[in-house]
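A.B. asks: Let me give you the structure first, and then I'll get to my questions.
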Amino acid sequence: MALSITQTPALVSLAQSPIIFTVAESTPVYTSSSFQYVGELYYWTGSLTSSSSLADYTITKFPNTANVGIFDLNRIINSTLTPLAIANTSNVVYYAVDFYYQYLSGSIYVTGSHTRSSTYKALDGYGVFQEPIGQNITSSSIYWPLMTDGPATQSAFTTNKGTAGVYVGTAGGTNQPTKITYTSNLGSADYTVYTTTGTSGQIYQYPIGPAQSGFPLSTTGLTYYTTQAYSGSTALSSPILYNIDCIQKYPNVRIKCKNRYGQFDYFNFYMVSKESFQTERRTYQPQLGTWEGSTLSYQRYDTGNQAYIADSKQGLSVNSFWISEDYNDILKQLLVSDEIYWVYDEANDYVRPITIVTQNIVFKTGAVDKLIQYQFDFQYGQPYKLIM
């Protein structure tokens with residue numbers, strides 16, 4: 001009898017999408033109607049060797065028509081990645097599974113020998129359709145290990161702050177990055193990145209805003225710069241170009257949203273923007289008069305229409321500048337993002353949580369529409385009143 005693992009996830013998976021193990025038993029003991037494949041799941045954070053001796057979950061599967069057991073762990077693994085991306089910039093979990101089979105022989109369960117998987121990693125993120133199940137994450141983007149889908153050309157102001165994530169852990173198929181190289185009209189500079197085997201050291205933050213602490217270039221006379229991941233002298237990713245924009249007529253609204261890799265992309269909306277304020281009020285009719293007194297009377301300030309709930313909703317409407325068609329796919333990630341912030345005070349790095357209200361958008365193309373511009377509506381994640 002030999003139990004084998006015939007399908008495994010990639011070394012690094014995005015936890016919201018399928019995380020598949022398939023197991024098969026070569027000896028036909030699965031003819032018993034009680035036969036089950038069993039997987040004992042271990043997951044942990046911290047160091048690579050911090051796994052508990054006790055399983056966190058036990059999962060059972062009856063054989064399918066191909067006589068194999070297919071285990072999808074993504075819902076369990078994803079449920080462990082609960083911290084917000086803004087609070088945990090390296091939201092990673094290790095996991096492994098110990099597989100065996102069992103079946104009833106009379107009233108006694110017979111179990112087979114155990115086969116433990118390798119240790120894998122899961123990130124807070126999701127794949128997209130047309131990507132194969134189990135695809136190596138290094139194939140997901142031409143910018144990997146920069147944890148973004150671009151686009152290749154973006155805009156920035158010299159007053160912009162912000163960091164982005166670079167994956168510095170082992171991912172299979174590529175060297176680990178040792179630096180981010182910045183190339184600009186003023187020359188080049190490097191920003192060193194580091195890794196540890198712990199989950200908190202798998203993703204490293206590097207500056208993408210010229211005003212961000214640690215940005216390695218001077219902002220005086222800066223007209224453009226690129227960021228690109230390197231391992232020594234070997235380029236690991238395609239570069240991302242940031243063109244410096246002049247200060248515009250309207251105030252810039254800087255939005256940061258969690259992308260499909262669990263890291264933040266930034267957008268500058270520096271056309272017309274508007275804030276809205278909508279009140280919500282509920283009232284009741286109180287009883288007027290001093291009915292418990294010796295005589296009935298009322299006060300001049302008594303009211304027959306008393307508010308018992310009075311709160312508000314606040315909104316933000318923004319418009320993009322003229323942008324390239326390359327932004328279309330990235331804006332889809334904005335529309336489905338579950339963590340979005342308005343950086344309303346960039347100098348102090350103050351953010352306000354918001355949710356996107358826009359549900360439908362018709363994407364434009366250069367061939368049909370020539371000029372491309374979009375409007376997005378958001379709602380504040382915090383009411384006006386500080387009530388908890």
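Simple scheme: letters A, B, ... for chains in structure tokens order, numbers from 1 for residues in each chain, numbers from 1 for ligands in the order shown.
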Which residues of range 100-200 of chain A have any atom within 7 Å of an atom in range 75-95 of chain A when counting only C-alpha atoms, and what is the closest pair of atoms for each, with the distance in Å to one decimal? Order the rows by chain and rising number and write it as a Markdown table.
C.D. replies:
| residue | atom | partner | partner_atom | distance |
| --- | --- | --- | --- | --- |
| A:Thr119 | CA | A:Tyr95 | CA | 5.7 |
| A:Tyr120 | CA | A:Tyr95 | CA | 5.4 |
| A:Lys121 | CA | A:Tyr94 | CA | 4.6 |
| A:Ala122 | CA | A:Val93 | CA | 5.4 |
| A:Leu123 | CA | A:Val92 | CA | 4.8 |
| A:Asp124 | CA | A:Asn91 | CA | 6.2 |
| A:Thr199 | CA | A:Val92 | CA | 5.4 |
| A:Ser200 | CA | A:Ser90 | CA | 5.2 |
A.B. asks: Deliver the residues from the most recent selection as a file, using C-alpha atoms, as a CSV table (one decimal), in the first residue's frame.
C.D. replies:
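The resulting selection17.csv:
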chain,number,residue,atom,x,y,z
A,119,THR,CA,6.0,23.2,3.8
A,120,TYR,CA,4.2,25.8,1.6
A,121,LYS,CA,3.4,29.5,2.0
A,122,ALA,CA,0.1,31.4,1.4
A,123,LEU,CA,-0.3,35.2,0.8
A,124,ASP,CA,-3.3,37.4,1.2
A,199,THR,CA,6.6,35.0,7.9
A,200,SER,CA,7.1,38.7,8.8
A.B. asks: Which residues are close to range 285-287 of chain A, i.e. within 10 Å by only C-alpha atoms, leaving aside same-chain residues fewer than 5 positions away? Reply as a PyMOL selection string.
C.D. replies: chain A and resi 302-307
A.B. asks: Residues at most 8 Å from range 37-51 of chain A, counting only C-alpha atoms, excluding those fewer than 6 positions away in the same chain, as a list in words?
C.D. replies: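 Near neighbours after the sequence-gap exclusion: Val23, Tyr57, Thr58, Ile59, Thr60, Lys61, Phe62, Pro63, Gly69, Ile77, Val92, Val93, Tyr94, Tyr95, Ala96, Val97, Asp98, Phe99, Tyr100, Tyr101, Gln102, Thr197, Gly198, Thr199 and Ser200 of chain A.
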A.B. asks: Which neighbours of Ile309 in chain A fall inside 10 Å, counting only C-alpha atoms, when residues of the same chain fewer than 2 positions from it are skipped, and could you give them as a VMD selection string?
C.D. replies: chain A and resid 280 to 284 306 to 307 311 to 312
A.B. asks: One decimal, in Å: what's the spacing between CA of Ser238 in chain A and CA of Tyr143 in chain A?
C.D. replies: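 Between CA of Ser238 in chain A and CA of Tyr143 in chain A the gap is 5.1 Å.
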A.B. asks: Using DSSP on the backbone, list every residue of range 72-118 of chain A that comes out as strand (DSSP E or B), and give them as a PDB file with N, CA, C and O atoms, in the first residue's frame.
C.D. replies:
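Output below, filename selection_1.pdb:
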ATOM      1  N   ASP A  72      -9.104  21.043  -1.234  1.00  0.00           N
ATOM      2  CA  ASP A  72      -8.909  22.480  -1.468  1.00  0.00           C
ATOM      3  C   ASP A  72      -8.860  23.166  -0.102  1.00  0.00           C
ATOM      4  O   ASP A  72      -9.852  23.186   0.633  1.00  0.00           O
ATOM      5  N   VAL A  92       1.603  36.595   5.690  1.00  0.00           N
ATOM      6  CA  VAL A  92       1.977  35.310   5.103  1.00  0.00           C
ATOM      7  C   VAL A  92       1.769  34.228   6.157  1.00  0.00           C
ATOM      8  O   VAL A  92       1.947  34.464   7.352  1.00  0.00           O
ATOM      9  N   VAL A  93       1.376  33.045   5.719  1.00  0.00           N
ATOM     10  CA  VAL A  93       1.233  31.914   6.628  1.00  0.00           C
ATOM     11  C   VAL A  93       1.910  30.697   6.005  1.00  0.00           C
ATOM     12  O   VAL A  93       1.859  30.489   4.790  1.00  0.00           O
ATOM     13  N   TYR A  94       2.588  29.908   6.853  1.00  0.00           N
ATOM     14  CA  TYR A  94       3.130  28.614   6.439  1.00  0.00           C
ATOM     15  C   TYR A  94       2.063  27.538   6.658  1.00  0.00           C
ATOM     16  O   TYR A  94       1.245  27.638   7.584  1.00  0.00           O
ATOM     17  N   TYR A  95       2.110  26.475   5.846  1.00  0.00           N
ATOM     18  CA  TYR A  95       1.198  25.363   6.058  1.00  0.00           C
ATOM     19  C   TYR A  95       1.785  24.076   5.492  1.00  0.00           C
ATOM     20  O   TYR A  95       2.641  24.089   4.594  1.00  0.00           O
ATOM     21  N   ALA A  96       1.339  22.970   6.033  1.00  0.00           N
ATOM     22  CA  ALA A  96       1.723  21.638   5.559  1.00  0.00           C
ATOM     23  C   ALA A  96       0.582  20.688   5.911  1.00  0.00           C
ATOM     24  O   ALA A  96      -0.238  20.980   6.792  1.00  0.00           O
ATOM     25  N   VAL A  97       0.514  19.552   5.213  1.00  0.00           N
ATOM     26  CA  VAL A  97      -0.567  18.589   5.434  1.00  0.00           C
ATOM     27  C   VAL A  97       0.030  17.186   5.578  1.00  0.00           C
ATOM     28  O   VAL A  97       0.920  16.796   4.812  1.00  0.00           O
ATOM     29  N   ASP A  98      -0.479  16.474   6.562  1.00  0.00           N
ATOM     30  CA  ASP A  98      -0.105  15.072   6.765  1.00  0.00           C
ATOM     31  C   ASP A  98      -1.269  14.212   6.284  1.00  0.00           C
ATOM     32  O   ASP A  98      -2.378  14.276   6.839  1.00  0.00           O
ATOM     33  N   PHE A  99      -1.034  13.411   5.235  1.00  0.00           N
ATOM     34  CA  PHE A  99      -2.101  12.622   4.619  1.00  0.00           C
ATOM     35  C   PHE A  99      -1.993  11.142   5.003  1.00  0.00           C
ATOM     36  O   PHE A  99      -0.882  10.606   5.154  1.00  0.00           O
ATOM     37  N   TYR A 100      -3.139  10.501   5.113  1.00  0.00           N
ATOM     38  CA  TYR A 100      -3.227   9.050   5.262  1.00  0.00           C
ATOM     39  C   TYR A 100      -4.640   8.637   4.852  1.00  0.00           C
ATOM     40  O   TYR A 100      -5.453   9.487   4.480  1.00  0.00           O
ATOM     41  N   TYR A 101      -4.919   7.353   4.883  1.00  0.00           N
ATOM     42  CA  TYR A 101      -6.277   6.913   4.597  1.00  0.00           C
ATOM     43  C   TYR A 101      -6.792   6.087   5.772  1.00  0.00           C
ATOM     44  O   TYR A 101      -6.027   5.622   6.625  1.00  0.00           O
ATOM     45  N   GLN A 102      -8.105   5.913   5.805  1.00  0.00           N
ATOM     46  CA  GLN A 102      -8.716   5.072   6.828  1.00  0.00           C
ATOM     47  C   GLN A 102      -9.957   4.399   6.246  1.00  0.00           C
ATOM     48  O   GLN A 102     -10.581   4.915   5.324  1.00  0.00           O
ATOM     49  N   TYR A 103     -10.273   3.220   6.800  1.00  0.00           N
ATOM     50  CA  TYR A 103     -11.510   2.532   6.431  1.00  0.00           C
ATOM     51  C   TYR A 103     -11.892   1.578   7.560  1.00  0.00           C
ATOM     52  O   TYR A 103     -11.055   1.220   8.403  1.00  0.00           O
ATOM     53  N   LEU A 104     -13.141   1.221   7.594  1.00  0.00           N
ATOM     54  CA  LEU A 104     -13.635   0.339   8.636  1.00  0.00           C
ATOM     55  C   LEU A 104     -13.419  -1.122   8.251  1.00  0.00           C
ATOM     56  O   LEU A 104     -13.757  -1.562   7.146  1.00  0.00           O
ATOM     57  N   SER A 105     -12.859  -1.867   9.180  1.00  0.00           N
ATOM     58  CA  SER A 105     -12.766  -3.314   9.058  1.00  0.00           C
ATOM     59  C   SER A 105     -13.524  -3.887  10.238  1.00  0.00           C
ATOM     60  O   SER A 105     -13.013  -3.912  11.369  1.00  0.00           O
ATOM     61  N   ILE A 108     -13.598  -1.638  13.539  1.00  0.00           N
ATOM     62  CA  ILE A 108     -12.305  -1.005  13.829  1.00  0.00           C
ATOM     63  C   ILE A 108     -11.837  -0.244  12.599  1.00  0.00           C
ATOM     64  O   ILE A 108     -11.889  -0.761  11.470  1.00  0.00           O
ATOM     65  N   TYR A 109     -11.343   0.968  12.826  1.00  0.00           N
ATOM     66  CA  TYR A 109     -10.765   1.752  11.733  1.00  0.00           C
ATOM     67  C   TYR A 109      -9.340   1.289  11.461  1.00  0.00           C
ATOM     68  O   TYR A 109      -8.523   1.188  12.381  1.00  0.00           O
ATOM     69  N   VAL A 110      -9.068   1.013  10.220  1.00  0.00           N
ATOM     70  CA  VAL A 110      -7.712   0.698   9.772  1.00  0.00           C
ATOM     71  C   VAL A 110      -7.146   1.943   9.103  1.00  0.00           C
ATOM     72  O   VAL A 110      -7.819   2.558   8.265  1.00  0.00           O
ATOM     73  N   THR A 111      -5.955   2.340   9.478  1.00  0.00           N
ATOM     74  CA  THR A 111      -5.327   3.521   8.883  1.00  0.00           C
ATOM     75  C   THR A 111      -4.051   3.122   8.165  1.00  0.00           C
ATOM     76  O   THR A 111      -3.351   2.182   8.568  1.00  0.00           O
ATOM     77  N   THR A 115       1.860  10.285   4.988  1.00  0.00           N
ATOM     78  CA  THR A 115       2.731  10.977   4.028  1.00  0.00           C
ATOM     79  C   THR A 115       2.554  12.476   4.247  1.00  0.00           C
ATOM     80  O   THR A 115       1.470  13.010   4.015  1.00  0.00           O
ATOM     81  N   ARG A 116       3.607  13.139   4.703  1.00  0.00           N
ATOM     82  CA  ARG A 116       3.515  14.574   4.984  1.00  0.00           C
ATOM     83  C   ARG A 116       4.035  15.365   3.790  1.00  0.00           C
ATOM     84  O   ARG A 116       5.056  15.016   3.178  1.00  0.00           O
TER      85      ARG A 116
END
A.B. asks: Could you please determine the separation between CA of Asp345 in chain A and CA of Lys256 in chain A in Å, to one decimal place?
C.D. replies: 12.7 Å
A.B. asks: Hey, which bits of range 195-289 of chain A sit within 9 Å of range 126-129 of chain A, and for each residue what's the closest pair of atoms and how far apart in Å (one decimal), counting only C-alpha atoms, rows by chain and increasing number, as a Markdown table?
C.D. replies:
| residue | atom | partner | partner_atom | distance |
| --- | --- | --- | --- | --- |
| A:Asn259 | CA | A:Tyr126 | CA | 8.9 |
| A:Arg260 | CA | A:Tyr126 | CA | 5.3 |
| A:Tyr261 | CA | A:Tyr126 | CA | 6.7 |
| A:Gly262 | CA | A:Tyr126 | CA | 8.3 |
A.B. asks: Counting only C-alpha atoms, which residue out of A:Ala229, A:Leu73, A:Ile323, A:Ile137 sits closest to Met271 in chain A?
C.D. replies: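 Looking only at the distances to Met271 in chain A, the closest residue turns out to be A:Ile323.
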A.B. asks: Considering only C-alpha atoms, return as a PDB file with N, CA, C and O atoms, in the first residue's frame whatever protein or nucleic-acid residues lie within 10 Å of Cys246 in chain A, sequence-local ones (same chain, fewer than 3 positions apart) excluded.
C.D. replies:
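Output contents, as saved in around-v7.pdb:
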ATOM      1  N   ALA A 156       3.474  60.503 -10.859  1.00  0.00           N
ATOM      2  CA  ALA A 156       3.784  60.791  -9.455  1.00  0.00           C
ATOM      3  C   ALA A 156       4.066  62.281  -9.316  1.00  0.00           C
ATOM      4  O   ALA A 156       4.471  62.946 -10.275  1.00  0.00           O
ATOM      5  N   PHE A 157       3.819  62.787  -8.112  1.00  0.00           N
ATOM      6  CA  PHE A 157       4.243  64.125  -7.738  1.00  0.00           C
ATOM      7  C   PHE A 157       5.443  63.989  -6.809  1.00  0.00           C
ATOM      8  O   PHE A 157       5.594  62.984  -6.118  1.00  0.00           O
ATOM      9  N   THR A 158       6.279  65.000  -6.779  1.00  0.00           N
ATOM     10  CA  THR A 158       7.437  64.942  -5.880  1.00  0.00           C
ATOM     11  C   THR A 158       7.009  64.968  -4.419  1.00  0.00           C
ATOM     12  O   THR A 158       7.798  64.614  -3.536  1.00  0.00           O
ATOM     13  N   THR A 223      12.562  64.361 -13.099  1.00  0.00           N
ATOM     14  CA  THR A 223      11.463  64.354 -14.076  1.00  0.00           C
ATOM     15  C   THR A 223      10.871  62.958 -14.286  1.00  0.00           C
ATOM     16  O   THR A 223       9.736  62.835 -14.717  1.00  0.00           O
ATOM     17  N   ASN A 243       6.488  58.966 -14.156  1.00  0.00           N
ATOM     18  CA  ASN A 243       6.736  60.303 -14.704  1.00  0.00           C
ATOM     19  C   ASN A 243       6.270  61.342 -13.686  1.00  0.00           C
ATOM     20  O   ASN A 243       5.163  61.244 -13.150  1.00  0.00           O
ATOM     21  N   LYS A 249      -4.199  72.153 -11.379  1.00  0.00           N
ATOM     22  CA  LYS A 249      -5.158  73.172 -10.950  1.00  0.00           C
ATOM     23  C   LYS A 249      -5.956  72.719  -9.739  1.00  0.00           C
ATOM     24  O   LYS A 249      -6.224  73.499  -8.817  1.00  0.00           O
TER      25      LYS A 249
END
